[in-house]
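Structure below is input.pdb: PDB, C-alpha atoms and all ligand atoms.
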ATOM      1  CA  MET A   1     108.825  78.613  96.861
ATOM      2  CA  LEU A   2     105.478  77.688  95.275
ATOM      3  CA  LYS A   3     106.465  74.760  93.094
ATOM      4  CA  ASN A   4     103.354  73.155  91.547
ATOM      5  CA  ARG A   5     100.995  75.093  93.790
ATOM      6  CA  VAL A   6      97.755  76.191  92.159
ATOM      7  CA  ALA A   7      97.092  79.893  92.706
ATOM      8  CA  LEU A   8      94.181  82.158  91.839
ATOM      9  CA  VAL A   9      94.833  85.916  91.846
ATOM     10  CA  THR A  10      92.115  88.575  91.538
ATOM     11  CA  GLY A  11      92.912  91.987  90.103
ATOM     12  CA  ALA A  12      95.628  90.234  88.121
ATOM     13  CA  ALA A  13      95.450  92.512  85.072
ATOM     14  CA  SER A  14      97.185  95.457  86.707
ATOM     15  CA  GLY A  15      99.503  96.783  89.378
ATOM     16  CA  ILE A  16      99.992  94.715  92.512
ATOM     17  CA  GLY A  17      97.818  91.768  91.401
ATOM     18  CA  ARG A  18      99.705  91.444  88.141
ATOM     19  CA  GLU A  19     103.070  91.570  89.859
ATOM     20  CA  ILE A  20     101.961  88.917  92.362
ATOM     21  CA  ALA A  21     100.710  86.631  89.573
ATOM     22  CA  GLU A  22     104.019  86.957  87.703
ATOM     23  CA  ARG A  23     106.106  86.468  90.839
ATOM     24  CA  PHE A  24     104.164  83.377  91.877
ATOM     25  CA  ALA A  25     104.557  81.906  88.379
ATOM     26  CA  SER A  26     108.312  82.529  88.502
ATOM     27  CA  GLU A  27     108.361  80.622  91.814
ATOM     28  CA  GLY A  28     106.792  77.562  90.184
ATOM     29  CA  ALA A  29     103.085  78.119  90.797
ATOM     30  CA  ARG A  30     100.386  77.462  88.229
ATOM     31  CA  VAL A  31      98.584  80.801  88.319
ATOM     32  CA  THR A  32      95.137  81.776  87.059
ATOM     33  CA  GLY A  33      94.423  85.489  86.866
ATOM     34  CA  PHE A  34      90.945  86.944  87.358
ATOM     35  CA  ASP A  35      89.960  90.515  86.499
ATOM     36  CA  ARG A  36      87.110  92.478  84.999
ATOM     37  CA  ALA A  37      89.472  93.881  82.353
ATOM     38  CA  GLY A  38      92.796  93.296  80.671
ATOM     39  CA  GLU A  39      94.645  90.164  79.661
ATOM     40  CA  VAL A  40      93.805  87.493  82.187
ATOM     41  CA  ALA A  41      92.654  83.879  82.021
ATOM     42  CA  ILE A  42      89.234  84.560  83.505
ATOM     43  CA  ARG A  43      87.200  87.707  83.045
ATOM     44  CA  GLY A  44      84.613  88.536  85.684
ATOM     45  CA  ASP A  45      83.435  90.929  88.337
ATOM     46  CA  VAL A  46      84.295  90.292  91.995
ATOM     47  CA  ARG A  47      81.028  91.983  92.997
ATOM     48  CA  VAL A  48      79.028  89.197  91.328
ATOM     49  CA  PRO A  49      78.924  85.933  93.321
ATOM     50  CA  GLU A  50      78.090  83.912  90.158
ATOM     51  CA  ASP A  51      81.253  85.213  88.473
ATOM     52  CA  VAL A  52      83.274  84.231  91.518
ATOM     53  CA  GLU A  53      81.786  80.706  91.649
ATOM     54  CA  ARG A  54      82.399  80.292  87.921
ATOM     55  CA  ALA A  55      86.035  81.333  88.298
ATOM     56  CA  VAL A  56      86.704  78.966  91.172
ATOM     57  CA  ASP A  57      84.899  76.118  89.369
ATOM     58  CA  GLN A  58      86.986  76.800  86.272
ATOM     59  CA  VAL A  59      90.234  76.532  88.216
ATOM     60  CA  MET A  60      89.033  73.329  89.886
ATOM     61  CA  ALA A  61      88.084  71.832  86.518
ATOM     62  CA  ALA A  62      91.467  72.688  85.014
ATOM     63  CA  GLU A  63      93.764  72.052  87.986
ATOM     64  CA  GLY A  64      91.825  69.835  90.395
ATOM     65  CA  ARG A  65      92.636  71.988  93.414
ATOM     66  CA  ILE A  66      93.330  75.484  94.726
ATOM     67  CA  ASP A  67      96.256  75.997  97.094
ATOM     68  CA  VAL A  68      96.571  79.781  97.137
ATOM     69  CA  LEU A  69      94.105  82.651  96.764
ATOM     70  CA  VAL A  70      95.159  86.295  96.536
ATOM     71  CA  CYS A  71      92.424  88.943  96.599
ATOM     72  CA  SER A  72      93.922  92.071  95.053
ATOM     73  CA  ALA A  73      91.016  93.500  93.008
ATOM     74  CA  GLY A  74      90.223  96.909  94.403
ATOM     75  CA  VAL A  75      88.978 100.422  93.681
ATOM     76  CA  ARG A  76      88.922 103.566  95.796
ATOM     77  CA  GLU A  77      87.098 106.843  95.866
ATOM     78  CA  ILE A  78      88.482 110.257  96.678
ATOM     79  CA  GLY A  79      85.812 112.684  97.693
ATOM     80  CA  ASP A  80      83.833 114.892  99.919
ATOM     81  CA  ILE A  81      81.802 113.089 102.580
ATOM     82  CA  TYR A  82      79.044 115.703 102.324
ATOM     83  CA  THR A  83      78.352 115.091  98.648
ATOM     84  CA  MET A  84      79.566 111.545  98.024
ATOM     85  CA  PRO A  85      76.857 109.573  96.175
ATOM     86  CA  THR A  86      75.679 106.528  98.104
ATOM     87  CA  GLU A  87      76.254 104.486  94.920
ATOM     88  CA  GLU A  88      79.962 105.250  95.250
ATOM     89  CA  TRP A  89      79.984 104.001  98.830
ATOM     90  CA  ASP A  90      78.138 100.832  97.753
ATOM     91  CA  ASN A  91      80.542 100.181  94.889
ATOM     92  CA  VAL A  92      83.756 100.615  96.879
ATOM     93  CA  ILE A  93      82.436  98.346  99.643
ATOM     94  CA  ALA A  94      81.197  95.809  97.078
ATOM     95  CA  VAL A  95      84.524  95.516  95.223
ATOM     96  CA  ASN A  96      86.975  95.649  98.127
ATOM     97  CA  LEU A  97      85.042  93.911 100.887
ATOM     98  CA  CYS A  98      82.178  91.845  99.431
ATOM     99  CA  GLY A  99      84.306  90.620  96.511
ATOM    100  CA  THR A 100      87.025  89.525  98.914
ATOM    101  CA  PHE A 101      84.481  87.620 100.998
ATOM    102  CA  TYR A 102      82.916  85.900  97.973
ATOM    103  CA  PHE A 103      86.321  84.694  96.778
ATOM    104  CA  CYS A 104      87.462  83.568 100.231
ATOM    105  CA  GLN A 105      84.260  81.612 100.736
ATOM    106  CA  ALA A 106      84.283  79.934  97.328
ATOM    107  CA  ALA A 107      87.990  79.034  97.470
ATOM    108  CA  ALA A 108      87.905  77.885 101.113
ATOM    109  CA  ARG A 109      85.293  75.242 100.321
ATOM    110  CA  TRP A 110      87.720  73.579  97.920
ATOM    111  CA  MET A 111      90.819  74.239 100.011
ATOM    112  CA  ARG A 112      89.186  72.360 102.875
ATOM    113  CA  GLU A 113      88.515  69.423 100.549
ATOM    114  CA  GLY A 114      92.149  69.526  99.464
ATOM    115  CA  GLY A 115      93.509  69.553 103.025
ATOM    116  CA  GLY A 116      94.464  73.230 103.350
ATOM    117  CA  GLY A 117      95.665  76.371 101.639
ATOM    118  CA  ALA A 118      96.772  79.966 102.021
ATOM    119  CA  ILE A 119      94.698  83.097 101.450
ATOM    120  CA  VAL A 120      96.282  86.535 101.130
ATOM    121  CA  ASN A 121      93.939  89.520 101.156
ATOM    122  CA  ILE A 122      95.252  92.891 100.023
ATOM    123  CA  SER A 123      94.033  95.490 102.512
ATOM    124  CA  SER A 124      95.847  98.829 102.881
ATOM    125  CA  VAL A 125      97.336 101.151 105.469
ATOM    126  CA  GLY A 126      93.820 102.563 105.119
ATOM    127  CA  GLY A 127      92.716  99.395 106.927
ATOM    128  CA  LEU A 128      94.711 100.546 109.959
ATOM    129  CA  ILE A 129      94.261 104.330 110.075
ATOM    130  CA  GLY A 130      91.585 106.776 108.950
ATOM    131  CA  LEU A 131      92.437 108.114 105.491
ATOM    132  CA  ALA A 132      91.048 111.555 104.744
ATOM    133  CA  ARG A 133      88.508 111.873 101.889
ATOM    134  CA  ARG A 134      88.266 108.098 101.435
ATOM    135  CA  PRO A 135      85.541 106.945 103.841
ATOM    136  CA  ALA A 136      84.323 103.919 101.870
ATOM    137  CA  TYR A 137      87.832 102.731 100.999
ATOM    138  CA  THR A 138      88.932 103.112 104.618
ATOM    139  CA  ALA A 139      85.868 101.264 105.917
ATOM    140  CA  ALA A 140      86.236  98.497 103.318
ATOM    141  CA  LYS A 141      89.942  97.976 104.058
ATOM    142  CA  HIS A 142      89.292  97.888 107.817
ATOM    143  CA  GLY A 143      86.619  95.331 106.954
ATOM    144  CA  VAL A 144      89.099  93.224 105.005
ATOM    145  CA  ILE A 145      91.312  93.036 108.096
ATOM    146  CA  GLY A 146      88.358  92.020 110.271
ATOM    147  CA  LEU A 147      87.318  89.431 107.713
ATOM    148  CA  THR A 148      90.866  88.100 107.567
ATOM    149  CA  LYS A 149      91.042  87.657 111.338
ATOM    150  CA  SER A 150      87.633  86.003 111.510
ATOM    151  CA  LEU A 151      88.450  83.606 108.679
ATOM    152  CA  ALA A 152      91.827  82.804 110.241
ATOM    153  CA  ARG A 153      89.929  81.468 113.231
ATOM    154  CA  ASP A 154      87.247  79.637 111.239
ATOM    155  CA  LEU A 155      89.485  78.131 108.573
ATOM    156  CA  GLY A 156      92.616  77.442 110.638
ATOM    157  CA  PRO A 157      91.383  74.025 111.772
ATOM    158  CA  ALA A 158      91.032  73.040 108.098
ATOM    159  CA  GLY A 159      94.692  73.935 107.489
ATOM    160  CA  ILE A 160      93.827  77.165 105.699
ATOM    161  CA  ARG A 161      95.836  80.226 106.738
ATOM    162  CA  VAL A 162      94.339  83.670 106.069
ATOM    163  CA  ASN A 163      96.503  86.780 106.224
ATOM    164  CA  ALA A 164      96.330  90.351 104.960
ATOM    165  CA  ILE A 165      98.855  92.785 103.539
ATOM    166  CA  CYS A 166      98.564  96.524 104.195
ATOM    167  CA  PRO A 167     100.517  98.301 101.463
ATOM    168  CA  GLY A 168     101.496 101.941 101.923
ATOM    169  CA  LEU A 169     101.890 104.120  98.880
ATOM    170  CA  ILE A 170     102.731 101.829  95.963
ATOM    171  CA  ARG A 171     103.233 103.264  92.503
ATOM    172  CA  THR A 172     100.651 101.561  90.261
ATOM    173  CA  PRO A 173      97.943 102.754  87.845
ATOM    174  CA  LEU A 174      95.735 103.271  90.942
ATOM    175  CA  THR A 175      98.099 105.878  92.385
ATOM    176  CA  GLU A 176      99.804 107.204  89.240
ATOM    177  CA  GLN A 177      97.795 110.433  89.399
ATOM    178  CA  TYR A 178      99.633 111.473  92.580
ATOM    179  CA  PHE A 179     103.012 111.324  90.871
ATOM    180  CA  VAL A 180     102.331 113.957  88.200
ATOM    181  CA  GLU A 181     103.811 116.601  90.491
ATOM    182  CA  ASP A 182     107.456 116.242  91.517
ATOM    183  CA  ALA A 183     106.617 117.784  94.889
ATOM    184  CA  PHE A 184     104.627 114.690  95.766
ATOM    185  CA  GLU A 185     107.625 112.376  95.576
ATOM    186  CA  GLU A 186     109.726 114.870  97.491
ATOM    187  CA  GLY A 187     107.106 115.038 100.225
ATOM    188  CA  LEU A 188     106.961 111.252 100.278
ATOM    189  CA  ARG A 189     110.691 111.061 100.862
ATOM    190  CA  SER A 190     110.289 113.119 104.012
ATOM    191  CA  ILE A 191     107.484 111.045 105.538
ATOM    192  CA  VAL A 192     108.492 107.535 104.478
ATOM    193  CA  PRO A 193     111.545 106.341 106.437
ATOM    194  CA  GLN A 194     112.662 104.206 103.473
ATOM    195  CA  GLY A 195     112.706 107.433 101.446
ATOM    196  CA  ARG A 196     110.685 106.271  98.456
ATOM    197  CA  ALA A 197     107.300 105.136  97.203
ATOM    198  CA  GLY A 198     106.724 101.402  97.169
ATOM    199  CA  VAL A 199     106.727  99.329  94.007
ATOM    200  CA  ALA A 200     104.446  96.391  93.286
ATOM    201  CA  ALA A 201     107.386  94.011  93.753
ATOM    202  CA  ASP A 202     107.607  95.064  97.422
ATOM    203  CA  VAL A 203     104.068  93.778  97.935
ATOM    204  CA  ALA A 204     104.643  90.679  95.794
ATOM    205  CA  ASP A 205     107.572  89.675  98.025
ATOM    206  CA  ALA A 206     105.320  89.863 101.086
ATOM    207  CA  ALA A 207     102.547  87.961  99.298
ATOM    208  CA  LEU A 208     105.015  85.250  98.319
ATOM    209  CA  TYR A 209     106.048  84.827 101.941
ATOM    210  CA  LEU A 210     102.441  84.624 103.155
ATOM    211  CA  ALA A 211     101.426  82.206 100.381
ATOM    212  CA  SER A 212     104.368  79.875 100.923
ATOM    213  CA  ASP A 213     105.325  77.379 103.614
ATOM    214  CA  GLN A 214     107.827  79.953 104.915
ATOM    215  CA  SER A 215     104.883  81.406 106.849
ATOM    216  CA  ALA A 216     103.454  78.055 107.999
ATOM    217  CA  TYR A 217     102.709  79.338 111.517
ATOM    218  CA  VAL A 218     101.569  82.831 110.504
ATOM    219  CA  ASN A 219      97.789  83.158 110.530
ATOM    220  CA  GLY A 220      95.459  86.145 110.908
ATOM    221  CA  VAL A 221      98.094  88.884 110.651
ATOM    222  CA  SER A 222      98.025  92.176 108.781
ATOM    223  CA  LEU A 223     101.501  92.740 107.394
ATOM    224  CA  THR A 224     102.251  96.402 106.744
ATOM    225  CA  VAL A 225     104.420  96.989 103.660
ATOM    226  CA  ASP A 226     104.835 100.745 103.731
ATOM    227  CA  GLY A 227     108.531 101.574 104.140
ATOM    228  CA  GLY A 228     107.821 102.590 107.738
ATOM    229  CA  TRP A 229     105.338 105.270 106.714
ATOM    230  CA  LEU A 230     102.817 104.555 109.475
ATOM    231  CA  ALA A 231     105.543 104.403 112.100
ATOM    232  CA  GLU A 232     106.868 107.759 110.972
ATOM    233  CA  LYS A 233     103.460 109.327 110.545
ATOM    234  CA  SER A 234     102.312 108.555 114.057
ATOM    235  CA  PHE A 235     105.491 110.088 115.478
ATOM    236  CA  ALA A 236     105.531 113.116 113.160
ATOM    237  CA  ALA A 237     101.948 113.985 114.020
ATOM    238  CA  GLY A 238     102.765 114.103 117.691
ATOM    239  CA  GLU A 239     106.307 115.389 117.328
ATOM    240  CA  ALA A 240     105.844 118.519 119.444
ATOM    241  CA  ALA A 241     104.224 116.564 122.231
ATOM    242  CA  ALA A 242     106.795 113.801 121.957
ATOM    243  CA  SER A 243     109.787 116.150 122.195
ATOM    244  CA  THR A 244     108.284 117.822 125.260
ATOM    245  CA  PHE A 245     107.794 114.377 126.766
ATOM    246  CA  LEU A 246     111.360 113.301 126.000
ATOM    247  CA  ALA A 247     112.868 116.539 127.308
ATOM    248  CA  ALA A 248     110.856 116.217 130.508
ATOM    249  CA  ASN A 249     112.186 112.749 131.071
ATOM    250  CA  GLU A 250     115.812 113.791 130.597
ATOM    251  CA  THR A 251     115.699 115.476 133.974
ATOM    252  CA  VAL A 252     114.844 112.365 135.986
ATOM    253  CA  ASP A 253     118.284 112.308 137.598
ATOM    254  CA  GLY A 254     118.041 115.997 138.570
ATOM    255  CA  PRO A 255     117.236 117.395 142.012
TER     256      PRO A 255
HETATM  257  N1  LIG B 301      98.700 101.135  94.936
HETATM  258  C1  LIG B 301      98.672 101.417  96.233
HETATM  259  O1  LIG B 301      99.300 102.366  96.704
HETATM  260  C2  LIG B 301      97.850 100.565  97.160
HETATM  261  C3  LIG B 301      97.983 100.818  98.525
HETATM  262  C4  LIG B 301      97.258 100.058  99.417
HETATM  263  C5  LIG B 301      96.407  99.068  98.959
HETATM  264  N2  LIG B 301      96.288  98.837  97.619
HETATM  265  C6  LIG B 301      95.372  97.787  97.196
HETATM  266  O2  LIG B 301      96.045  96.885  96.356
HETATM  267  C7  LIG B 301      95.107  96.301  95.455
HETATM  268  C8  LIG B 301      95.629  96.446  94.038
HETATM  269  O3  LIG B 301      95.758  97.835  93.751
HETATM  270  P1  LIG B 301      96.649  98.356  92.540
HETATM  271  O4  LIG B 301      97.393  99.512  93.031
HETATM  272  O5  LIG B 301      97.348  97.218  91.903
HETATM  273  O6  LIG B 301      95.485  98.929  91.591
HETATM  274  P2  LIG B 301      95.215  98.732  90.028
HETATM  275  O7  LIG B 301      94.123  99.668  89.702
HETATM  276  O8  LIG B 301      96.494  98.809  89.270
HETATM  277  O9  LIG B 301      94.679  97.222  89.941
HETATM  278  C9  LIG B 301      93.422  96.879  90.451
HETATM  279  C10 LIG B 301      92.826  95.796  89.563
HETATM  280  O10 LIG B 301      91.557  95.403  90.118
HETATM  281  C11 LIG B 301      90.663  95.206  89.043
HETATM  282  N3  LIG B 301      89.283  95.369  89.492
HETATM  283  C12 LIG B 301      88.703  96.491  89.976
HETATM  284  N4  LIG B 301      87.397  96.272  90.201
HETATM  285  C13 LIG B 301      87.143  94.989  89.862
HETATM  286  C14 LIG B 301      85.970  94.189  89.879
HETATM  287  N5  LIG B 301      84.794  94.686  90.259
HETATM  288  N6  LIG B 301      86.078  92.891  89.479
HETATM  289  C15 LIG B 301      87.266  92.392  89.053
HETATM  290  N7  LIG B 301      88.405  93.104  89.008
HETATM  291  C16 LIG B 301      88.339  94.407  89.412
HETATM  292  C17 LIG B 301      91.031  96.287  88.029
HETATM  293  O11 LIG B 301      90.539  95.976  86.731
HETATM  294  C18 LIG B 301      92.544  96.272  88.126
HETATM  295  O12 LIG B 301      93.126  95.389  87.189
HETATM  296  C19 LIG B 301      93.785  97.005  95.690
HETATM  297  O13 LIG B 301      92.977  96.219  96.539
HETATM  298  C20 LIG B 301      94.205  98.287  96.376
HETATM  299  O14 LIG B 301      93.185  98.817  97.183
HETATM  300  C21 LIG B 301      96.987  99.566  96.706
END

How does this structure look as structure tokens?
Ligand SMILES: NC(=O)c1ccc[n+]([C@@H]2O[C@H](COP(=O)([O-])OP(=O)(O)OC[C@H]3O[C@@H](n4cnc5c(N)ncnc54)[C@H](O)[C@@H]3O)[C@@H](O)[C@H]2O)c1
Amino acid sequence: MLKNRVALVTGAASGIGREIAERFASEGARVTGFDRAGEVAIRGDVRVPEDVERAVDQVMAAEGRIDVLVCSAGVREIGDIYTMPTEEWDNVIAVNLCGTFYFCQAAARWMREGGGGAIVNISSVGGLIGLARRPAYTAAKHGVIGLTKSLARDLGPAGIRVNAICPGLIRTPLTEQYFVEDAFEEGLRSIVPQGRAGVAADVADAALYLASDQSAYVNGVSLTVDGGWLAEKSFAAGEAAASTFLAANETVDGP
């Protein structure tokens, strides 16, 4: 699906980014991984615009073009709003939101020269709802969706599509800590209609679709990959009210 396409993937040393890089390579793409750690082609920090420029320049020098960009580098905080250090807020916004912007900007300049491209930004269900105890992460991921929509409008005329993915709970090093207790997975089964946590391959499949010509007319969307979790959650939260509503409506044919 990506034969001979040139792809750059951030956060490629771990979890979802790594899975996407491997999947794209198995679909014929020439993939360059970027990360601040681990075994990747280019080491750098998404918070540093010079690192981002250097990475994009390096891919251009080696490959002559960039067809696909995936922004998967991310961190999140878990904490108390009353005591959260402002440095933590700054860092989570810088990695998830600013880093995504820097990469989109740098890659788009070359994609325009090359006649087009596809950008896939990894947001989160936290970009769609308010997650408790994660204010910076939630704000940053909402920001990624706003950025994606804005860029879809600005870059569309240059043949560049920009879409986001909103993963639900995906088992990766980022979320591994939740799985230490068996009760967590049991609880997950009851709130996720698919009955399981996601795996990185679930997100890689969606990224492959959005990066490929299969999604040629898809631009500016946020694709939720959460096993139906958000759909279930919104209903479960209002279940009492909903059942009252449904019962009330069953009597419409009555006297
Ligand atoms: N795992 C989930 O349940 C889940 C759910 C929704 C969204 N996401 C998002 O998916 C993306 C990938 O998450 P993951 O679960 O694979 O996490 P992960 O921790 O396994 O991988 C994240 C990668 O980003 C890299 N990274 C972090 N800060 C960086 C920086 N400043 N510069 C360069 N690289 C940096 C890390 O080194 C790491 O390799 C993130 O944006 C995350 O917010 C994950």

Extract, using all atoms listed in the file, all DNA, RNA and protein residues at most 7 Å from region 17-34 of chain A, discarding same-chain residues fewer than 4 positions from it, and format them as a list in words.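 These residues fall inside the cut-off: Met1, Leu2, Lys3, Asn4, Arg5, Val6, Ala7, Leu8, Val9, Thr10, Gly11, Ala12, Ala13, Val40, Ala41, Ile42, Arg43, Gly44, Ser72, Ala200, Ala201, Ala204 and Leu208 of chain A.
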
Neighbour list for Arg65 (chain A) as a PyMOL selection string, cut-off 10 Å, only C-alpha atoms, skip fewer than 6 positions in-chain: chain A and resi 5-7+56-57+59+107+110-111+113-115+117

CA of Leu69 (chain A) to CA of Val162 (chain A), straight-line distance in Å: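 Going from CA of Val162 (chain A) over to CA of Leu69 (chain A), I get 9.4 Å.
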
With only C-alpha atoms as the counted atoms, please give the residues lying no more than 9 Å from Ala108 (chain A), apart from itself and same-chain residues fewer than 6 positions off, as a list in words. Ile66, Leu69, Gly116, Gly117, Ile119, Leu155 and Ile160 of chain A

Each chain A residue no farther than 8 Å from ligand LIG 301 (chain B), nearest pair in Å, only C-alpha atoms and all ligand atoms, as CSV:
residue,atom,partner,partner_atom,distance
A:Thr10,CA,B:LIG301,N7,6.4
A:Gly11,CA,B:LIG301,O10,3.7
A:Ala12,CA,B:LIG301,O12,5.8
A:Ala13,CA,B:LIG301,O12,4.3
A:Ser14,CA,B:LIG301,O12,4.1
A:Gly15,CA,B:LIG301,O5,3.3
A:Ile16,CA,B:LIG301,O5,3.7
A:Gly17,CA,B:LIG301,O5,5.5
A:Arg18,CA,B:LIG301,O5,7.3
A:Phe34,CA,B:LIG301,C15,6.8
A:Asp35,CA,B:LIG301,N7,3.9
A:Arg36,CA,B:LIG301,C15,4.1
A:Ala37,CA,B:LIG301,O11,5.0
A:Gly38,CA,B:LIG301,O12,6.9
A:Arg43,CA,B:LIG301,C15,7.6
A:Gly44,CA,B:LIG301,C15,5.8
A:Asp45,CA,B:LIG301,N6,3.5
A:Val46,CA,B:LIG301,N6,4.0
A:Arg47,CA,B:LIG301,N5,5.4
A:Cys71,CA,B:LIG301,O13,7.3
A:Ser72,CA,B:LIG301,C7,4.4
A:Ala73,CA,B:LIG301,O10,3.5
A:Gly74,CA,B:LIG301,O13,3.6
A:Val75,CA,B:LIG301,C12,5.4
A:Arg76,CA,B:LIG301,O14,6.5
A:Ala94,CA,B:LIG301,N5,7.8
A:Val95,CA,B:LIG301,N5,5.0
A:Asn96,CA,B:LIG301,O13,6.2
A:Gly99,CA,B:LIG301,N5,7.5
A:Ile122,CA,B:LIG301,O13,5.3
A:Ser123,CA,B:LIG301,C5,5.6
A:Ser124,CA,B:LIG301,C4,3.9
A:Val125,CA,B:LIG301,C4,6.2
A:Gly126,CA,B:LIG301,C4,7.1
A:Tyr137,CA,B:LIG301,O14,7.7
A:Lys141,CA,B:LIG301,O14,7.6
A:Cys166,CA,B:LIG301,C4,6.1
A:Pro167,CA,B:LIG301,C4,4.2
A:Gly168,CA,B:LIG301,C3,5.0
A:Leu169,CA,B:LIG301,O1,3.8
A:Ile170,CA,B:LIG301,O1,3.6
A:Arg171,CA,B:LIG301,N1,5.6
A:Thr172,CA,B:LIG301,O4,4.7
A:Pro173,CA,B:LIG301,O8,4.4
A:Leu174,CA,B:LIG301,O7,4.1
A:Thr175,CA,B:LIG301,N1,5.4
A:Gly198,CA,B:LIG301,O1,7.5
A:Ala200,CA,B:LIG301,O5,7.3

Gap from CA of Pro135 (chain A) to CA of Pro193 (chain A) - Å, one decimal: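 Spanning CA of Pro135 (chain A) to CA of Pro193 (chain A) is a straight-line distance of 26.1 Å.
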
Write out as a ChimeraX atom specification which residues come within 9 Å of Leu147 (chain A) when counting all atoms listed in the file, dropping same-chain ones fewer than 5 positions away. /A:97,100-101,142,152

CA of Glu88 (chain A) sits from CA of Gly130 (chain A) at a separation of 18.0 Å
